[in-house]
Each structure stands twice: as structure tokens, then as C-alpha cells.
file entry-v8.txt (compact mmCIF, C-alpha atoms)
# COMPACT_ATOMS: atom_id res chain seq x y z
CA GLU R 137 4.27 -5.51 -19.32
CA THR R 138 3.10 -3.95 -16.06
CA GLY R 139 -0.59 -3.76 -16.85
CA VAL R 140 -0.45 0.03 -16.73
CA THR R 141 -0.02 1.77 -20.08
CA GLN R 142 0.87 5.42 -20.48
CA THR R 143 0.77 7.47 -23.67
CA PRO R 144 2.57 9.25 -25.10
CA ARG R 145 5.97 8.07 -23.88
CA HIS R 146 7.56 11.39 -24.81
CA LEU R 147 6.04 14.84 -25.19
CA VAL R 148 7.59 18.17 -26.07
CA MET R 149 5.38 21.20 -25.78
CA GLY R 150 5.54 24.94 -25.59
CA MET R 151 4.36 26.86 -22.57
CA THR R 152 1.17 27.98 -24.29
CA ASN R 153 0.16 24.55 -25.61
CA LYS R 154 -2.58 22.30 -24.28
CA LYS R 155 -1.94 18.59 -24.19
CA SER R 156 -3.15 15.54 -22.29
CA LEU R 157 -1.44 12.51 -20.82
CA LYS R 158 -3.30 9.23 -20.81
CA CYS R 159 -3.10 6.25 -18.51
CA GLU R 160 -4.95 2.95 -18.78
CA GLN R 161 -4.76 0.04 -16.39
CA HIS R 162 -5.75 -3.53 -17.19
CA LEU R 163 -5.45 -4.88 -13.65
CA GLY R 164 -9.00 -4.38 -12.40
CA HIS R 165 -7.79 -1.90 -9.80
CA ASN R 166 -9.96 0.73 -8.14
CA ALA R 167 -7.40 3.41 -7.30
CA MET R 168 -5.25 5.41 -9.71
CA TYR R 169 -2.50 7.93 -9.12
CA TRP R 170 -0.41 10.59 -10.83
CA TYR R 171 3.17 11.14 -9.70
CA LYS R 172 5.88 13.54 -10.82
CA GLN R 173 9.48 12.34 -10.93
CA SER R 174 12.16 15.01 -11.29
CA ALA R 175 15.89 14.49 -11.36
CA LYS R 176 17.40 13.99 -7.92
CA LYS R 177 14.04 14.29 -6.13
CA PRO R 178 11.82 11.63 -4.62
CA LEU R 179 8.64 10.67 -6.38
CA GLU R 180 6.01 13.32 -5.69
CA LEU R 181 2.38 12.33 -5.39
CA MET R 182 0.09 14.65 -7.35
CA PHE R 183 -3.40 13.17 -7.39
CA VAL R 184 -5.27 10.13 -6.11
CA TYR R 185 -8.52 8.75 -7.46
CA ASN R 186 -10.45 6.03 -5.67
CA PHE R 187 -13.46 4.55 -7.46
CA LYS R 188 -13.34 7.52 -9.89
CA GLU R 189 -13.50 10.08 -7.08
CA GLN R 190 -10.56 12.38 -6.41
CA THR R 191 -9.39 11.81 -2.86
CA GLU R 192 -6.08 13.63 -2.90
CA ASN R 193 -4.74 16.78 -4.53
CA ASN R 194 -1.26 17.33 -3.20
CA SER R 195 -1.24 21.10 -3.67
CA VAL R 196 -0.79 20.75 -7.40
CA PRO R 197 -0.99 23.96 -9.50
CA SER R 198 -4.20 24.36 -11.47
CA ARG R 199 -2.31 24.15 -14.77
CA PHE R 200 -2.47 20.40 -14.13
CA SER R 201 -6.03 19.10 -14.36
CA PRO R 202 -6.77 15.40 -13.80
CA GLU R 203 -9.74 13.49 -15.11
CA CYS R 204 -10.87 9.97 -14.22
CA PRO R 205 -13.85 8.89 -16.35
CA ASN R 206 -13.78 5.33 -15.01
CA SER R 207 -11.63 3.10 -12.83
CA SER R 208 -9.49 2.01 -15.78
CA HIS R 209 -8.60 5.37 -17.28
CA LEU R 210 -6.86 8.44 -15.97
CA PHE R 211 -5.91 11.62 -17.78
CA LEU R 212 -3.75 14.58 -16.91
CA HIS R 213 -4.64 17.70 -18.87
CA LEU R 214 -1.81 20.19 -19.23
CA HIS R 215 -2.16 23.90 -19.94
CA THR R 216 0.25 26.83 -19.76
CA LEU R 217 3.04 24.80 -18.21
CA GLN R 218 6.34 26.19 -16.97
CA PRO R 219 9.87 24.95 -17.72
CA GLU R 220 10.12 23.55 -14.18
CA ASP R 221 7.26 21.21 -15.04
CA SER R 222 9.61 19.22 -17.27
CA ALA R 223 9.77 15.79 -15.65
CA LEU R 224 8.72 12.17 -15.92
CA TYR R 225 5.02 11.80 -15.13
CA LEU R 226 4.10 8.40 -13.78
CA CYS R 227 0.72 6.81 -13.45
CA ALA R 228 0.05 4.02 -10.98
CA SER R 229 -2.88 1.89 -9.91
CA SER R 230 -3.68 -0.29 -6.92
CA ARG R 231 -6.50 -2.53 -5.78
CA ALA R 232 -7.35 -0.14 -2.95
CA ALA R 233 -6.17 3.32 -2.04
CA SER R 234 -4.17 2.26 1.00
CA ASN R 235 -1.87 -0.52 2.13
CA GLN R 236 -1.73 -2.10 -1.29
CA PRO R 237 1.16 -2.22 -3.76
CA GLN R 238 0.92 0.36 -6.50
CA HIS R 239 1.79 -0.74 -10.00
CA PHE R 240 3.38 1.85 -12.25
CA GLY R 241 3.41 2.56 -15.94
CA ASP R 242 6.62 3.55 -17.71
CA GLY R 243 5.76 7.22 -17.64
CA THR R 244 5.56 10.15 -20.03
CA ARG R 245 8.76 12.15 -20.37
CA LEU R 246 7.57 15.76 -20.64
CA SER R 247 9.76 18.59 -21.85
CA ILE R 248 8.55 22.18 -21.75
CA LEU R 249 10.24 24.56 -24.16
CA GLY U 1317 7.54 15.77 9.33
CA GLU U 1318 7.27 12.55 7.44
CA SER U 1319 10.31 11.44 5.50
CA VAL U 1320 11.87 8.36 4.05
CA GLY U 1321 15.56 8.44 3.36
CA LEU U 1322 18.29 6.18 2.07
CA HIS U 1323 21.72 5.94 3.67
CA LEU U 1324 23.72 5.30 0.48
CA PRO U 1325 23.02 6.95 -2.84
CA THR U 1326 25.18 4.46 -4.80
CA LEU U 1327 26.07 0.87 -4.00
CA SER U 1328 28.58 -1.08 -6.09
CA VAL U 1329 28.75 -4.87 -5.69
CA GLN U 1330 30.49 -7.74 -7.40
CA GLU U 1331 28.32 -10.05 -9.45
CA GLY U 1332 27.38 -13.03 -7.34
CA ASP U 1333 27.71 -11.20 -4.03
CA ASN U 1334 24.78 -10.28 -1.82
CA SER U 1335 23.51 -6.68 -1.80
CA ILE U 1336 21.97 -4.83 1.10
CA ILE U 1337 20.13 -1.58 0.53
CA ASN U 1338 19.02 0.37 3.56
CA CYS U 1339 16.24 2.81 4.26
CA ALA U 1340 15.24 4.87 7.28
CA TYR U 1341 11.73 6.10 7.91
CA SER U 1342 10.54 8.68 10.39
CA ASN U 1343 6.85 7.99 10.98
CA SER U 1344 6.45 5.29 13.62
CA ALA U 1345 2.77 5.04 12.67
CA SER U 1346 3.59 3.81 9.16
CA ASP U 1347 2.12 0.34 8.78
CA TYR U 1348 3.09 -0.79 5.30
CA PHE U 1349 6.33 -0.64 3.34
CA ILE U 1350 7.29 -1.40 -0.24
CA TRP U 1351 10.50 -1.77 -2.20
CA TYR U 1352 10.59 -0.78 -5.86
CA LYS U 1353 13.18 -1.21 -8.59
CA GLN U 1354 13.46 1.32 -11.39
CA GLU U 1355 15.49 0.63 -14.50
CA SER U 1356 16.46 3.32 -16.96
CA GLY U 1357 13.54 4.39 -19.12
CA LYS U 1358 11.00 2.45 -17.11
CA GLY U 1359 8.62 3.06 -14.26
CA PRO U 1360 9.14 1.70 -10.74
CA GLN U 1361 8.59 -2.03 -10.54
CA PHE U 1362 7.17 -3.62 -7.38
CA ILE U 1363 9.65 -6.00 -5.73
CA ILE U 1364 8.33 -6.87 -2.31
CA ASP U 1365 6.25 -5.43 0.50
CA ILE U 1366 5.94 -5.92 4.24
CA ARG U 1367 3.38 -4.96 6.83
CA SER U 1368 4.25 -3.62 10.23
CA ASN U 1369 3.12 -6.80 12.01
CA MET U 1370 6.04 -8.64 10.41
CA ASP U 1371 9.79 -8.18 10.71
CA LYS U 1372 10.93 -10.28 7.77
CA ARG U 1373 9.55 -11.36 4.44
CA GLN U 1374 11.22 -13.36 1.70
CA GLY U 1375 10.69 -13.46 -2.02
CA GLN U 1376 12.65 -14.91 -4.87
CA ARG U 1377 16.29 -13.90 -4.13
CA VAL U 1378 15.06 -10.91 -2.10
CA THR U 1379 14.41 -10.44 1.58
CA VAL U 1380 12.99 -7.39 3.32
CA LEU U 1381 13.74 -6.77 6.97
CA LEU U 1382 11.79 -4.32 9.10
CA ASN U 1383 13.11 -3.04 12.40
CA LYS U 1384 10.39 -0.92 13.96
CA THR U 1385 12.47 -0.13 17.02
CA VAL U 1386 14.93 1.94 15.02
CA LYS U 1387 12.57 2.62 12.09
CA HIS U 1388 14.79 0.91 9.58
CA LEU U 1389 14.02 -1.09 6.47
CA SER U 1390 16.44 -3.08 4.35
CA LEU U 1391 16.36 -4.98 1.09
CA GLN U 1392 18.70 -7.92 0.67
CA ILE U 1393 19.37 -9.30 -2.78
CA ALA U 1394 21.07 -12.69 -2.91
CA ALA U 1395 23.58 -13.58 -5.63
CA THR U 1396 23.34 -10.19 -7.31
CA GLN U 1397 23.14 -10.32 -11.08
CA PRO U 1398 23.82 -7.72 -13.79
CA GLY U 1399 20.08 -7.45 -14.34
CA ASP U 1400 19.73 -6.18 -10.77
CA SER U 1401 21.47 -2.93 -11.72
CA ALA U 1402 18.87 -0.22 -11.17
CA VAL U 1403 17.71 2.41 -8.70
CA TYR U 1404 15.91 0.99 -5.68
CA PHE U 1405 13.30 2.96 -3.74
CA CYS U 1406 11.67 2.26 -0.45
CA ALA U 1407 8.24 3.67 0.30
CA GLU U 1408 6.20 3.88 3.49
CA ASN U 1409 2.46 4.09 3.77
CA SER U 1410 1.72 7.07 5.95
CA SER U 1411 -1.60 8.88 6.26
CA TYR U 1412 -3.01 6.73 3.43
CA LYS U 1413 -0.26 7.86 1.04
CA LEU U 1414 2.94 6.26 -0.14
CA ILE U 1415 5.97 8.41 0.63
CA PHE U 1416 9.05 7.52 -1.36
CA GLY U 1417 12.71 7.78 -0.52
CA SER U 1418 15.19 9.37 -2.89
CA GLY U 1419 16.59 6.03 -4.09
CA THR U 1420 19.84 4.06 -4.11
CA ARG U 1421 21.60 3.19 -7.33
CA LEU U 1422 22.87 -0.39 -7.40
CA LEU U 1423 25.78 -1.07 -9.75
CA VAL U 1424 26.78 -4.66 -10.38
CA ARG U 1425 30.41 -5.21 -11.42
CA PRO U 1426 31.06 -8.19 -13.73
call {"tool": "encode", "arguments": {"input": "entry-v8.txt", "output": "C-alpha cells"}}
result
Amino acid sequence: ETGVTQTPRHLVMGMTNKKSLKCEQHLGHNAMYWYKQSAKKPLELMFVYNFKEQTENNSVPSRFSPECPNSSHLFLHLHTLQPEDSALYLCASSRAASNQPQHFGDGTRLSIL
Amino acid sequence: GESVGLHLPTLSVQEGDNSIINCAYSNSASDYFIWYKQESGKGPQFIIDIRSNMDKRQGQRVTVLLNKTVKHLSLQIAATQPGDSAVYFCAENSSYKLIFGSGTRLLVRP
């Protein structure tokens, strides 16, 4: 148990569907992150939230829309995705947004048909 | 540009031996480094971290060494066990972001 819970664990969706990924952390952290992990590529940072405010958007296409209603919850809303968006999406949290270990959930495996 | 890379994509060791996983980083301004372990079907798990004002840090069966002169980071695992089989990533904190390497797969032979 890492203290960071992601749901669903697996998601299959068509390119025209709308779905959302959810992340919840029980560690009392103030920063939350979305990463994309594709085969044979390093972890790619997508978004950073610090005290509910977005502080980083790493040139992510607008078909990915994050939402952070409070410091414990993070969502990633998906709309009109492409096959190349199939990947493992990982959520992480840390006490502060820099120089602190990030703790990861087990990810959502997303497959786009 | 900023990059973190690993010298060996796969490392095979005998159970009970020590393992050494290496990592090179390119940004001399990076001030914080982390090692993660990722098992199949799971997210990266924090192992150990080190700040740039240190050159060595020890945990339980693991040691991280930082050589800022050559911008090199290593993870040493003592008495490697089957449960250590996983992909290991290093990450550097650069410009307030963690930048991850591509990973090394550690295989432990019985």
C-alpha cells in the first residue's frame, strides 16, 4: 500500500469516448502529479499541482484535462484520445513540489481502440 | 539539454551477490536524486534519495553513491534477493521537476 490510490486500474475506450482517471492520496501531501509511461520510454511528466494550483503543464495536448479539487484528489479527464495515447498513467504525490520524494500509485493502464 | 541515462539496460546477477546499477546525469545544477524500483504491474516505489551536498547514503541493503565530478549516480544492492528483480530508475531534480532515466532491468538468478 503506497498511500496513493488510482482508479480504474485498467481502462479500454474508443477514440470518441470521454472518461476520467482518478487519484487519491492519503499521505497529507501538498503536491500531486500526472505522468505517462509508455513502453521503452522514460516516465514523462504531464502536470503538476501544488496546493491545488497547476504549476506545470508539460506541453500536454488539450485532449487531456486535469482537475485538482483539493490536495488529496487529482483527476485526468480524457476526451477524443488517439491510439498513441495508450500507456500507463501514473499519479504521484509529494510533501512539496521540489526536492522531495514522490510517491506513486500503481497506475491506470489505458488502451485506446 | 537535460537528460538522465542508464549505462546498462539489463543486469543479471546471482542470488546473494551484490548488484550495482549505474546512472549518468547531465545537469550539473541538479541538487537532488532518487532511485525507484518498479515491479511488473505496479508503480515506481521509492528506494532511497540523496542530496547534492552528500556523496553517499545508506539504507537497508542499499547504498547510493553520488559523484558530482563526473555526474554519476549508482545504486548498490547488497546480497541481492529474488524479490529485488525489477526495473530500477534514477531521477534527478532539475528545474523543480524530476527527470527520469529509461531504467535498468535487474534479473536475479537463483
call {"tool": "interface_residues", "arguments": {"input": "entry-v8.txt", "of": "chain R", "to": "chain U", "cutoff": "9 Å", "atoms": "all atoms listed in the file", "output": "PyMOL selection string"}}
result
chain R and resi 138+176-181+226-227+233-243
call {"tool": "atom_distance", "arguments": {"input": "entry-v8.txt", "atom1": "CA of Lys172 in chain R", "atom2": "CA of Pro144 in chain R"}}
result
15.3 Å
call {"tool": "atom_distance", "arguments": {"input": "entry-v8.txt", "atom1": "CA of His146 in chain R", "atom2": "CA of Arg245 in chain R"}}
result
4.7 Å
call {"tool": "atom_distance", "arguments": {"input": "entry-v8.txt", "atom1": "CA of Ser1368 in chain U", "atom2": "CA of His1388 in chain U"}}
result
11.5 Å
call {"tool": "closest_residue", "arguments": {"input": "entry-v8.txt", "among": "R:Ile248, R:Cys204, R:Leu210, R:Val196", "to": "Ala223 in chain R", "atoms": "all atoms listed in the file"}}
result
R:Ile248
call {"tool": "axis_aligned_box", "arguments": {"input": "entry-v8.txt", "around": "range 210-224 of chain R", "padding_each_side": "5 Å", "output": "JSON"}}
result
{"center_x": 1.6, "center_y": 17.6, "center_z": -17.1, "size_x": 27.0, "size_y": 28.4, "size_z": 15.8}
call {"tool": "residues_near_point", "arguments": {"input": "entry-v8.txt", "point": "(23.9, -9.5, -3.0)", "cutoff": "8 Å", "atoms": "all atoms listed in the file", "output": "list in words"}}
result
Val1329, Glu1331, Gly1332, Asp1333, Asn1334, Ser1335, Ile1336, Gln1392, Ile1393, Ala1394, Ala1395 and Thr1396 of chain U
call {"tool": "closest_residue", "arguments": {"input": "entry-v8.txt", "among": "U:Ser1342, U:Asn1369, U:Leu1423, U:Leu1327", "to": "Gln1397 in chain U", "atoms": "only C-alpha atoms"}}
result
U:Leu1423
call {"tool": "closest_residue", "arguments": {"input": "entry-v8.txt", "among": "U:Leu1382, U:Thr1420, U:Arg1425, U:Lys1372", "to": "Val1403 in chain U", "atoms": "only C-alpha atoms"}}
result
U:Thr1420
call {"tool": "closest_residue", "arguments": {"input": "entry-v8.txt", "among": "R:Ser198, R:Thr143, R:Ser207, R:Gln173", "to": "Ser156 in chain R", "atoms": "all atoms listed in the file"}}
result
R:Thr143
call {"tool": "closest_residue", "arguments": {"input": "entry-v8.txt", "among": "R:Leu249, R:Met149, R:Cys159, R:Val184", "to": "Tyr225 in chain R", "atoms": "all atoms listed in the file"}}
result
R:Cys159
call {"tool": "closest_residue", "arguments": {"input": "entry-v8.txt", "among": "R:Leu246, R:Lys158, R:Asn194, R:Gly164", "to": "Pro219 in chain R", "atoms": "only C-alpha atoms"}}
result
R:Leu246
